[in-house]
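Trainee: The following block contains the structure, expressed as structure tokens.
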Amino acid sequence: MNLQLSIGPVVSLIAGILILIMPRLLNYIVAIYLIVIGLLGLFGSGSLRL
């Protein structure tokens, strides 16, 4: 039985839980997510698959 996790759904799940616990984190989580996705798009993700 193989279990393969992508980083995208895991990050989304953690972010969703944090937003439910502390709604003020929404702005920071969205900003960090957009920055990371933008940097990966500009510089390429190499072997990292989202």
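Convention: chains lettered A, B, ... in structure tokens order; per-chain residue numbering from 1; ligands numbered from 1 as shown.
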At a cut-off of 12 Å, using only C-alpha atoms, what residues contact Val30 in chain A? Leave out same-chain residues fewer than 4 positions from it and give the result as a VMD selection string.
Mentor: chain A and resid 11 to 12 15 to 16 18 to 19 23 to 26 34 to 37
Trainee: What is the CA of Leu40 in chain A-CA of Ile21 in chain A distance in Å, reported with one decimal?
Mentor: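 Computing it gives 28.0 Å between the two atoms.
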Trainee: What does the distance between CA of Leu13 in chain A and CA of Tyr28 in chain A come to in Å, to one decimal place?
Mentor: 15.5 Å
Trainee: Give me, please, the distance in Å between CA of Leu42 in chain A and CA of Ile14 in chain A, quoted to one decimal.
Mentor: 24.6 Å
